Amino acid sequence: MSLLADTHWDAIVIGAGMGGGTLGRALAEAGQKVLFLEKGPQGLRSERNGLTEAFVPEARAARGLWPDPLHVSLDGVETQFFAPLGTGPGGSSVFYAATLERPERHDLDDMPDRPHPTGGWPVGYDQMVPWYDRAAQQFMVHGTPDPLSDAPPLPLRAPPPLHAAEQALTDSLRAAGLHPYRTHTGIAHVDGCETCLGRKCPKPCKMDGRSAGVEPALATGNAHLLAGVNVTRLIAEDRRIVAVEARLDGALKRLTADRFILAAGALHSPRLLLASTCEAHPNGLANSSGMVGCNLMLHVDERFALWPRRGTPDSGATKAISFRDFYHREDMRLGSVQAMGIRASYGEMVHFLNRMFDLRGQPRLRALSRPMAAVAHSLLGQAHLFVGLMEDFPYAQNRVQYDPAQPQRLAVTYTLSDELRQRRRAFRKALRRGLRGHRHLFLSMTPELNWGHPCGTLRFGHDPAQSVTDASGRAHDVDNLWIADASFMPTSMGVNPSLTIAAHALRVAEQIKGDHR
C-alpha cells in the first residue's frame, strides 16, 4: 500500500463509482497508470446486502454504505437521515437497479417547440449519441426501443422473455393507449443470474461501476485501487493540482499525479473542492464563479401501485416495463415512468415511511411506520410498484453546504419551487388519466425527492462565470482537473442519470487521452 501511495501516477481518480470506474477503465486500457482512491472498504465480491437501515457508522461502512447521515434543510425544516449512497468499489452503482436509459433530444438541446430551461447543454444531443452507444455496449444494455422515439435506438441486446404478470401489464397498458417498452437495463444474464436490483450482486452480471469499470481496469495491470482512503483536500499551486492529501492508515499522505479526476459524487465532489482552499483559490478550488456546490437537482419520484388484471399468476416483481407517454406534456417537462423491480413488501413500506417521516422533520412518527406498513402490505398484495421520474430544474440556492469547522459533515439546503409543485400536479393528473381502466393507487402524498439521484453541483458550460468546467469536463480554473460524476449535469433530464454519467465519463477520458498525448 505504501508503494502505491509513493508512486507518481498518470492519473488519480477520486471515487470509483459509475463515472470514476468508467473513466479509469478507459485510461487504463489506453496504457495510462491509474490510481483509484475510494473512501469505502474493498469488501468481498460475494457480498449481497442492500441499502439497509443500519445506524452504526462502522456497520454501514462495512456494508458499502455511506457511513454518515445527510443533514438536510428542506423548505427550512432541519432533518437528517441516511441517504441511499454507497461507498467502496462501484460506489452507489452497486446498489442501483441497473436502469440505463438514454435521454431525449430536448433534454440536451434547445428546440423551437420545446425550449430548454438553461438554453441547452454545451454538448448537444448529436455529439453525445456516439458516447451513449459506447456506454450501452460497455454496460451490456438490453431492452427494446421506445416506440415514441424517432431517434435511432441504442445498440440494445435482446431482453429475456416477459413473465405472465409483465405480459399482462404490457397488454393492458397498450390497450389503454400507452406505449410501453422493455426497460433498458444493464444485466449480462449469466448462468444463475439473480437480477440483483437494489442490492450488491455477488456475480459479475449486473453492469455497474465495479463490474464494468473498476474490475476490468484492474485486470489491465495498469490500474490500482486504494480503498479505505479519506481524501481531505486537493493541493494546488496556481492553476495546477500538485497532490491529493488523504488520510491513509491513520496518517496523512500526499499522492501525486499528472492529472486528477474528481468523481466522488454530486454531494461529495463539491464539498472536497470547497475544502481545498489556498492563496490562488481562497473560496475553494475551481470556484472563481462561486458555482461550486450550487444548482443541486434531485428527481421527484411519483410512486404508484399498479395491479395486473384479476386472475394473472403472481410471477414476482417486475423491472421490465417503461413508458414515456408523459415525458413532455402541455409545454411542461415531466418525465419517464418505469417499474421499480420491487414489491410492496412490509420491509420496503417501513423503509419508505421512515424516510418520509424523516424528511418531514417528524422522526417521532417512525413509531407508526410498522403498523402502517402492515396495513399497506395487506392492501397492496400483488400490486407492482412503478415510479415516475420527474425532471428537477437547477436553482443556485439549492446547494451543498460546507462548514470548515466540520469538514466531513455532509449537508445540503433545498427549497421546493412553485413551478416544481405545479409540474408535479400536472404529472399526477396525466398519469391518472393515462391509467384509467387500471386498478392503481398513488403512494406519494407530497413531492418525494429522489436522494439517490443528486446532480448538477459542478455544472459544465461555456461561460466560466456560470459554470465550473468547460465542455470537455476540465475545470475552468485548474488545468489538470476533470469532473466525471453526476455533478457535471446542467439539468437533471427526465430519466435515470447512470447512462449519461457513463457516456460523459467516456467522453472525458478521450479528452484526457488527447491531453496526455
# chains A, B, ... in the order shown; residues from 1 in each chain; ligands from 1
>>> select_by_dssp(residues="stretch 22-217 of chain A", states="alpha helix (DSSP H)", output="ChimeraX atom specification")
/A:22-29,57-62,105-108,125-138,164-175,215-217
>>> closest_atom_pairs(of="stretch 280-347 of chain A", to="stretch 259-272 of chain A", cutoff="9 Å", atoms="only C-alpha atoms", output="tab-separated table")
residue	atom	partner	partner_atom	distance
A:Gly284	CA	A:Leu272	CA	8.6
A:Leu285	CA	A:Leu272	CA	8.6
A:Val292	CA	A:Pro270	CA	5.7
A:Gly293	CA	A:Pro270	CA	5.0
A:Cys294	CA	A:Pro270	CA	8.7
A:Leu296	CA	A:Ala266	CA	8.0
>>> write_last_selection(atoms="N, CA, C and O atoms", output="mmCIF file, in the first residue's frame")
data_model
loop_
_atom_site.group_PDB
_atom_site.id
_atom_site.type_symbol
_atom_site.label_atom_id
_atom_site.label_comp_id
_atom_site.auth_asym_id
_atom_site.auth_seq_id
_atom_site.Cartn_x
_atom_site.Cartn_y
_atom_site.Cartn_z
ATOM 1 N N GLY A 284 -12.214 28.193 -2.465
ATOM 2 C CA GLY A 284 -12.315 26.797 -2.859
ATOM 3 C C GLY A 284 -11.775 26.588 -4.266
ATOM 4 O O GLY A 284 -11.814 27.484 -5.110
ATOM 5 N N LEU A 285 -11.292 25.403 -4.516
ATOM 6 C CA LEU A 285 -10.681 25.092 -5.801
ATOM 7 C C LEU A 285 -11.732 25.100 -6.911
ATOM 8 O O LEU A 285 -12.851 24.622 -6.724
ATOM 9 N N VAL A 292 -19.536 26.371 -7.307
ATOM 10 C CA VAL A 292 -19.258 25.051 -6.738
ATOM 11 C C VAL A 292 -20.270 24.740 -5.642
ATOM 12 O O VAL A 292 -20.405 25.497 -4.675
ATOM 13 N N GLY A 293 -20.978 23.646 -5.808
ATOM 14 C CA GLY A 293 -21.982 23.226 -4.843
ATOM 15 C C GLY A 293 -23.382 23.710 -5.136
ATOM 16 O O GLY A 293 -24.348 23.211 -4.548
ATOM 17 N N CYS A 294 -23.533 24.677 -6.064
ATOM 18 C CA CYS A 294 -24.858 25.233 -6.371
ATOM 19 C C CYS A 294 -25.609 24.354 -7.370
ATOM 20 O O CYS A 294 -25.055 23.434 -7.967
ATOM 21 N N LEU A 296 -28.063 22.181 -7.056
ATOM 22 C CA LEU A 296 -28.381 20.797 -6.725
ATOM 23 C C LEU A 296 -29.747 20.430 -7.293
ATOM 24 O O LEU A 296 -30.729 21.147 -7.111
#
>>> closest_residue(among="A:Leu169, A:Met489, A:Ala188, A:Leu248", to="A:Arg310", atoms="only C-alpha atoms")
A:Leu169
>>> residues_around(residues="A:Asn295", least_positions_apart="3", cutoff="6 Å", atoms="only C-alpha atoms", output="JSON, numbers by chain")
{"A": [394, 395, 396, 398, 399, 456, 457]}
>>> residues_around(residues="A:His438", least_positions_apart="2", cutoff="12 Å", atoms="only C-alpha atoms", output="PyMOL selection string")
chain A and resi 168-176+304-310+383+431-436+440-441
